[in-house]
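**Q** Below is run_12.cif; it holds mmCIF, C-alpha atoms.
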```
data_entry
#
loop_
_atom_site.group_PDB
_atom_site.id
_atom_site.type_symbol
_atom_site.label_atom_id
_atom_site.label_comp_id
_atom_site.auth_asym_id
_atom_site.auth_seq_id
_atom_site.Cartn_x
_atom_site.Cartn_y
_atom_site.Cartn_z
ATOM 1 C CA GLN A 1346 154.438 8.111 29.995
ATOM 2 C CA VAL A 1347 151.960 7.026 27.327
ATOM 3 C CA GLN A 1348 148.423 5.919 28.030
ATOM 4 C CA LEU A 1349 146.620 3.852 25.409
ATOM 5 C CA VAL A 1350 142.869 3.377 25.167
ATOM 6 C CA GLU A 1351 141.344 0.862 22.766
ATOM 7 C CA SER A 1352 137.820 0.880 21.420
ATOM 8 C CA GLY A 1353 135.777 -0.804 18.727
ATOM 9 C CA GLY A 1354 135.590 -4.372 19.925
ATOM 10 C CA GLY A 1355 132.371 -6.355 20.031
ATOM 11 C CA LEU A 1356 130.429 -9.343 18.801
ATOM 12 C CA VAL A 1357 130.297 -9.992 15.073
ATOM 13 C CA GLN A 1358 129.276 -12.881 12.849
ATOM 14 C CA ALA A 1359 131.833 -14.791 10.846
ATOM 15 C CA GLY A 1360 132.662 -12.928 7.668
ATOM 16 C CA GLY A 1361 131.923 -9.570 9.245
ATOM 17 C CA SER A 1362 134.137 -6.575 9.916
ATOM 18 C CA LEU A 1363 135.240 -4.460 12.848
ATOM 19 C CA ARG A 1364 137.592 -1.524 13.209
ATOM 20 C CA LEU A 1365 139.588 -1.206 16.377
ATOM 21 C CA SER A 1366 141.023 2.133 17.452
ATOM 22 C CA CYS A 1367 143.775 2.872 19.927
ATOM 23 C CA THR A 1368 144.238 6.460 21.026
ATOM 24 C CA ALA A 1369 147.349 7.584 22.862
ATOM 25 C CA SER A 1370 147.837 10.413 25.298
ATOM 26 C CA GLY A 1371 150.673 12.885 24.955
ATOM 27 C CA ARG A 1372 152.219 14.875 22.151
ATOM 28 C CA THR A 1373 154.897 12.440 21.015
ATOM 29 C CA PHE A 1374 152.734 9.808 19.297
ATOM 30 C CA GLY A 1375 154.665 10.244 16.074
ATOM 31 C CA THR A 1376 157.823 8.924 17.727
ATOM 32 C CA TYR A 1377 156.218 5.621 18.729
ATOM 33 C CA ALA A 1378 156.087 2.395 16.784
ATOM 34 C CA MET A 1379 152.779 0.623 17.391
ATOM 35 C CA GLY A 1380 151.530 -2.917 17.476
ATOM 36 C CA TRP A 1381 148.299 -4.842 17.854
ATOM 37 C CA PHE A 1382 148.379 -8.093 19.803
ATOM 38 C CA ARG A 1383 145.703 -10.583 20.752
ATOM 39 C CA GLN A 1384 145.273 -13.230 23.387
ATOM 40 C CA ALA A 1385 142.704 -15.990 23.242
ATOM 41 C CA PRO A 1386 141.765 -18.013 26.342
ATOM 42 C CA GLY A 1387 144.475 -20.504 27.198
ATOM 43 C CA LYS A 1388 146.847 -19.171 24.569
ATOM 44 C CA GLU A 1389 149.903 -16.951 24.533
ATOM 45 C CA ARG A 1390 149.625 -13.320 23.505
ATOM 46 C CA GLU A 1391 150.534 -13.057 19.828
ATOM 47 C CA ILE A 1392 151.377 -10.290 17.414
ATOM 48 C CA VAL A 1393 148.655 -9.451 14.922
ATOM 49 C CA ALA A 1394 150.073 -6.419 13.151
ATOM 50 C CA ALA A 1395 152.668 -3.715 13.634
ATOM 51 C CA ILE A 1396 153.436 -0.339 12.090
ATOM 52 C CA SER A 1397 156.534 1.807 12.153
ATOM 53 C CA ARG A 1398 156.457 5.292 13.586
ATOM 54 C CA SER A 1399 156.561 6.768 10.096
ATOM 55 C CA ASP A 1400 153.930 4.257 8.842
ATOM 56 C CA ALA A 1401 156.327 3.372 6.057
ATOM 57 C CA ASN A 1402 156.471 -0.237 7.160
ATOM 58 C CA THR A 1403 153.841 -2.664 8.350
ATOM 59 C CA TYR A 1404 153.827 -6.289 9.430
ATOM 60 C CA TYR A 1405 151.020 -8.835 9.546
ATOM 61 C CA ALA A 1406 150.843 -12.263 11.071
ATOM 62 C CA ASP A 1407 150.224 -14.918 8.443
ATOM 63 C CA SER A 1408 146.874 -15.734 10.026
ATOM 64 C CA VAL A 1409 145.497 -12.251 9.298
ATOM 65 C CA LYS A 1410 147.362 -11.266 6.155
ATOM 66 C CA GLY A 1411 144.968 -10.075 3.483
ATOM 67 C CA ARG A 1412 142.124 -9.624 5.979
ATOM 68 C CA PHE A 1413 143.431 -7.052 8.480
ATOM 69 C CA THR A 1414 144.941 -3.621 7.863
ATOM 70 C CA ILE A 1415 146.881 -1.537 10.358
ATOM 71 C CA SER A 1416 147.131 2.206 9.891
ATOM 72 C CA ARG A 1417 147.848 5.291 11.934
ATOM 73 C CA ASP A 1418 146.845 8.925 12.024
ATOM 74 C CA ASN A 1419 149.540 10.834 13.883
ATOM 75 C CA ALA A 1420 147.447 14.016 13.914
ATOM 76 C CA LYS A 1421 144.816 12.132 15.932
ATOM 77 C CA ASN A 1422 147.269 10.120 18.059
ATOM 78 C CA THR A 1423 145.459 7.004 16.889
ATOM 79 C CA VAL A 1424 146.325 3.638 15.405
ATOM 80 C CA TYR A 1425 143.652 1.523 13.764
ATOM 81 C CA LEU A 1426 143.145 -2.136 13.017
ATOM 82 C CA GLN A 1427 140.601 -2.719 10.267
ATOM 83 C CA MET A 1428 139.470 -6.336 10.428
ATOM 84 C CA SER A 1429 137.429 -7.968 7.705
ATOM 85 C CA GLY A 1430 136.579 -11.536 6.815
ATOM 86 C CA LEU A 1431 136.518 -12.317 10.520
ATOM 87 C CA LYS A 1432 136.675 -15.932 11.613
ATOM 88 C CA PRO A 1433 135.750 -17.595 14.921
ATOM 89 C CA GLU A 1434 139.462 -18.201 15.520
ATOM 90 C CA ASP A 1435 139.978 -14.421 15.579
ATOM 91 C CA THR A 1436 138.100 -14.316 18.878
ATOM 92 C CA ALA A 1437 140.411 -12.831 21.498
ATOM 93 C CA VAL A 1438 141.203 -9.804 23.600
ATOM 94 C CA TYR A 1439 142.979 -7.335 21.337
ATOM 95 C CA SER A 1440 145.486 -4.915 22.822
ATOM 96 C CA CYS A 1441 147.515 -2.154 21.315
ATOM 97 C CA ALA A 1442 151.076 -1.491 22.371
ATOM 98 C CA ALA A 1443 153.575 1.326 21.901
ATOM 99 C CA ARG A 1444 157.293 1.845 22.150
ATOM 100 C CA PHE A 1445 159.716 4.507 21.063
ATOM 101 C CA GLY A 1446 160.793 3.801 17.496
ATOM 102 C CA THR A 1447 164.559 4.052 17.214
ATOM 103 C CA GLU A 1448 164.341 4.159 13.418
ATOM 104 C CA SER A 1449 161.466 5.675 11.480
ATOM 105 C CA PHE A 1450 160.949 2.538 9.380
ATOM 106 C CA ARG A 1451 161.365 -0.175 12.020
ATOM 107 C CA VAL A 1452 158.552 -2.464 13.158
ATOM 108 C CA TYR A 1453 158.675 -4.451 16.387
ATOM 109 C CA LEU A 1454 157.239 -7.944 16.568
ATOM 110 C CA ASN A 1455 158.051 -9.191 20.058
ATOM 111 C CA ARG A 1456 155.682 -8.274 22.866
ATOM 112 C CA TYR A 1457 158.645 -7.806 25.199
ATOM 113 C CA GLU A 1458 159.860 -4.942 23.018
ATOM 114 C CA TYR A 1459 156.833 -2.833 23.927
ATOM 115 C CA GLY A 1460 156.667 -0.775 27.087
ATOM 116 C CA TYR A 1461 153.168 0.640 26.944
ATOM 117 C CA TRP A 1462 149.905 -1.309 26.686
ATOM 118 C CA GLY A 1463 146.240 -0.571 26.495
ATOM 119 C CA GLN A 1464 143.667 -2.364 28.613
ATOM 120 C CA GLY A 1465 142.426 -4.485 25.731
ATOM 121 C CA THR A 1466 139.115 -4.842 23.940
ATOM 122 C CA GLN A 1467 137.183 -8.069 23.417
ATOM 123 C CA VAL A 1468 136.474 -9.285 19.901
ATOM 124 C CA THR A 1469 134.103 -12.225 19.605
ATOM 125 C CA VAL A 1470 133.325 -13.819 16.261
ATOM 126 C CA SER A 1471 130.379 -16.172 16.148
ATOM 127 C CA SER A 1472 130.080 -18.962 13.616
#
```
Take the structure from the file and write it as structure tokens.
**A**
Amino acid sequence: QVQLVESGGGLVQAGGSLRLSCTASGRTFGTYAMGWFRQAPGKEREIVAAISRSDANTYYADSVKGRFTISRDNAKNTVYLQMSGLKPEDTAVYSCAARFGTESFRVYLNRYEYGYWGQGTQVTVSS
């Protein structure tokens, strides 16, 4: 069982930056592939970024490419999402997700592929 706790959300002006953190319980964090998802009111949950368990591979949604960076620190059981150049359309609840990575380099893009979820953290970008 993995428990995920996100932090770092808040209110920021357009063009600003935030760094989200997601810390996992347990001693097997290095075996998990991780993802960040977001859900805006009235919209489906969507993938924002994903990272393989070895951090060799990353994925970014087109809408955030060049502005967001996903990274992980296995020694701290933590995955990060550095967000810069924030836009009002980035406003959403951001959640991290984890699943066992069958290959060290594989990223997972579908929310149904993840078995563990954090509670989510609100990010609001004002114009």
**Q** Run the PyMOL selection byres ((chain A and resi 1430) around 10) against the file shown and list the residues it catches, as a list of chain:residue names.
**A** A:Gln1358, A:Ala1359, A:Gly1360, A:Gly1361, A:Ser1362, A:Leu1363, A:Val1409, A:Gly1411, A:Arg1412, A:Phe1413, A:Met1428, A:Ser1429, A:Leu1431, A:Lys1432, A:Asp1435
**Q** Pick from A:Ser1366, A:Leu1349, A:Arg1372, A:Ile1396: nearest to Ser1449 in chain A, with only C-alpha atoms counted?
**A**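 The answer is A:Ile1396, which sits nearest to Ser1449 in chain A.
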**Q** Do you have the CA of Gln1427 in chain A-CA of Val1350 in chain A distance handy?
**A**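 Atom-to-atom, CA of Gln1427 in chain A and CA of Val1350 in chain A are spaced 16.3 Å apart.
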**Q** Would you list the contacts of Ser1370 in chain A as an MDAnalysis selection string, taking every protein, DNA or RNA residue within 8 Å and counting all atoms listed in the file, but skipping same-chain residues closer than 4 positions in sequence?
**A** chainID A and resid 1347:1349 1374 1422
**Q** Using all atoms listed in the file, which residues sit within 12 Å of Thr1373 in chain A once same-chain residues fewer than 3 positions away are excluded, as number ranges by chain?
**A** A: 1346-1348, 1369-1370, 1376-1378, 1398, 1419-1423, 1443-1446
**Q** Hey, which of A:Glu1351, A:Asp1400, A:Asp1418, A:Glu1434 ends up closest to Gly1463 in chain A? Count only C-alpha atoms.
**A**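 Result for the nearest residue to Gly1463 in chain A: A:Glu1351.
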**Q** Looking at all atoms listed in the file, which of A:Ala1442, A:Met1379, A:Val1452, A:Ala1437 is the one that sits closest to Thr1469 in chain A?
**A**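 Smallest distance to Thr1469 in chain A is found for A:Ala1437.
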**Q** Select, from A:Val1468, A:Ala1401, A:Val1393, A:Leu1426, the residue with the minimum atom-to-atom distance to Arg1451 in chain A, counting all atoms listed in the file.
**A**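 Nearest to Arg1451 in chain A: A:Ala1401.
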**Q** From the set A:Arg1364, A:Gly1371, A:Arg1417, A:Asn1455, which residue has the shortest atom-to-atom contact distance to Glu1391 in chain A, counting only C-alpha atoms?
**A**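 Answer, going by the shortest atom-to-atom distance: A:Asn1455.
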**Q** Which residue is closest to Gln1467 in chain A? Choose from A:Ser1397, A:Ser1352, A:Ser1408, A:Thr1403 and count only C-alpha atoms.
**A**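 Among the listed residues, the smallest separation from Gln1467 in chain A belongs to A:Ser1352.
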**Q** Could you tell me how far CA of Thr1466 in chain A lies from CA of Trp1381 in chain A, in Å and to one decimal?
**A**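 Between these atoms lies a distance of 11.0 Å.
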**Q** Hey, can you check how far CA of Gln1464 in chain A sits from CA of Tyr1404 in chain A?
**A**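 Separation between CA of Gln1464 in chain A and CA of Tyr1404 in chain A: 22.1 Å.
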**Q** Once the PyMOL selection byres ((chain A and resi 1392) around 10) has been evaluated on this model, what residues remain selected, and can you format them as a list in words?
**A**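 Residues picked by the PyMOL selection byres ((chain A and resi 1392) around 10): Gly1380, Trp1381, Phe1382, Arg1383, Gln1384, Glu1389, Arg1390, Glu1391, Val1393, Ala1394, Ala1395, Tyr1404, Tyr1405, Ala1406, Tyr1439, Ser1440, Cys1441, Tyr1453, Leu1454, Asn1455 and Arg1456 of chain A.
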**Q** Reconstruct all heavy atoms of range 1350-1361 of chain A; output as an mmCIF file, in the frame of the given file.
**A**
```
data_model
loop_
_atom_site.group_PDB
_atom_site.id
_atom_site.type_symbol
_atom_site.label_atom_id
_atom_site.label_comp_id
_atom_site.auth_asym_id
_atom_site.auth_seq_id
_atom_site.Cartn_x
_atom_site.Cartn_y
_atom_site.Cartn_z
ATOM 1 N N VAL A 1350 144.254 3.783 24.946
ATOM 2 C CA VAL A 1350 142.869 3.377 25.167
ATOM 3 C C VAL A 1350 142.318 2.800 23.872
ATOM 4 O O VAL A 1350 142.256 3.496 22.855
ATOM 5 C CB VAL A 1350 142.006 4.562 25.632
ATOM 6 C CG1 VAL A 1350 140.555 4.117 25.809
ATOM 7 C CG2 VAL A 1350 142.564 5.140 26.930
ATOM 8 N N GLU A 1351 141.920 1.524 23.942
ATOM 9 C CA GLU A 1351 141.344 0.862 22.766
ATOM 10 C C GLU A 1351 139.827 0.989 22.767
ATOM 11 O O GLU A 1351 139.195 1.121 23.819
ATOM 12 C CB GLU A 1351 141.698 -0.634 22.729
ATOM 13 C CG GLU A 1351 143.166 -0.956 22.690
ATOM 14 C CD GLU A 1351 143.676 -1.385 24.042
ATOM 15 O OE1 GLU A 1351 143.087 -0.965 25.058
ATOM 16 O OE2 GLU A 1351 144.677 -2.127 24.097
ATOM 17 N N SER A 1352 139.269 0.917 21.570
ATOM 18 C CA SER A 1352 137.820 0.880 21.420
ATOM 19 C C SER A 1352 137.494 0.156 20.124
ATOM 20 O O SER A 1352 138.371 -0.045 19.272
ATOM 21 C CB SER A 1352 137.230 2.287 21.421
ATOM 22 O OG SER A 1352 137.747 3.039 20.342
ATOM 23 N N GLY A 1353 136.221 -0.215 19.985
ATOM 24 C CA GLY A 1353 135.777 -0.804 18.727
ATOM 25 C C GLY A 1353 135.537 -2.288 18.740
ATOM 26 O O GLY A 1353 135.083 -2.858 17.747
ATOM 27 N N GLY A 1354 135.840 -2.943 19.865
ATOM 28 C CA GLY A 1354 135.590 -4.372 19.925
ATOM 29 C C GLY A 1354 134.100 -4.674 20.011
ATOM 30 O O GLY A 1354 133.274 -3.771 20.140
ATOM 31 N N GLY A 1355 133.767 -5.960 19.929
ATOM 32 C CA GLY A 1355 132.371 -6.355 20.031
ATOM 33 C C GLY A 1355 132.137 -7.743 19.509
ATOM 34 O O GLY A 1355 133.076 -8.514 19.296
ATOM 35 N N LEU A 1356 130.866 -8.039 19.307
ATOM 36 C CA LEU A 1356 130.429 -9.343 18.801
ATOM 37 C C LEU A 1356 130.046 -9.190 17.337
ATOM 38 O O LEU A 1356 129.281 -8.269 16.980
ATOM 39 C CB LEU A 1356 129.240 -9.845 19.621
ATOM 40 C CG LEU A 1356 128.549 -11.114 19.130
ATOM 41 C CD1 LEU A 1356 129.491 -12.303 19.203
ATOM 42 C CD2 LEU A 1356 127.285 -11.363 19.945
ATOM 43 N N VAL A 1357 130.579 -10.066 16.506
ATOM 44 C CA VAL A 1357 130.297 -9.992 15.073
ATOM 45 C C VAL A 1357 130.186 -11.406 14.528
ATOM 46 O O VAL A 1357 130.804 -12.340 15.062
ATOM 47 C CB VAL A 1357 131.402 -9.189 14.347
ATOM 48 C CG1 VAL A 1357 132.745 -9.893 14.438
ATOM 49 C CG2 VAL A 1357 131.027 -8.900 12.907
ATOM 50 N N GLN A 1358 129.402 -11.572 13.482
ATOM 51 C CA GLN A 1358 129.276 -12.881 12.849
ATOM 52 C C GLN A 1358 130.481 -13.149 11.950
ATOM 53 O O GLN A 1358 131.130 -12.208 11.450
ATOM 54 C CB GLN A 1358 128.001 -12.954 12.026
ATOM 55 C CG GLN A 1358 126.736 -13.023 12.865
ATOM 56 C CD GLN A 1358 125.494 -13.285 12.021
ATOM 57 O OE1 GLN A 1358 125.427 -12.903 10.864
ATOM 58 N NE2 GLN A 1358 124.514 -13.952 12.606
ATOM 59 N N ALA A 1359 130.750 -14.408 11.742
ATOM 60 C CA ALA A 1359 131.833 -14.791 10.846
ATOM 61 C C ALA A 1359 131.630 -14.136 9.477
ATOM 62 O O ALA A 1359 130.515 -14.078 8.965
ATOM 63 C CB ALA A 1359 131.895 -16.308 10.701
ATOM 64 N N GLY A 1360 132.714 -13.631 8.937
ATOM 65 C CA GLY A 1360 132.662 -12.928 7.668
ATOM 66 C C GLY A 1360 132.474 -11.433 7.808
ATOM 67 O O GLY A 1360 132.619 -10.692 6.829
ATOM 68 N N GLY A 1361 132.151 -10.985 9.009
ATOM 69 C CA GLY A 1361 131.923 -9.570 9.245
ATOM 70 C C GLY A 1361 133.199 -8.777 9.441
ATOM 71 O O GLY A 1361 134.316 -9.297 9.306
#
```
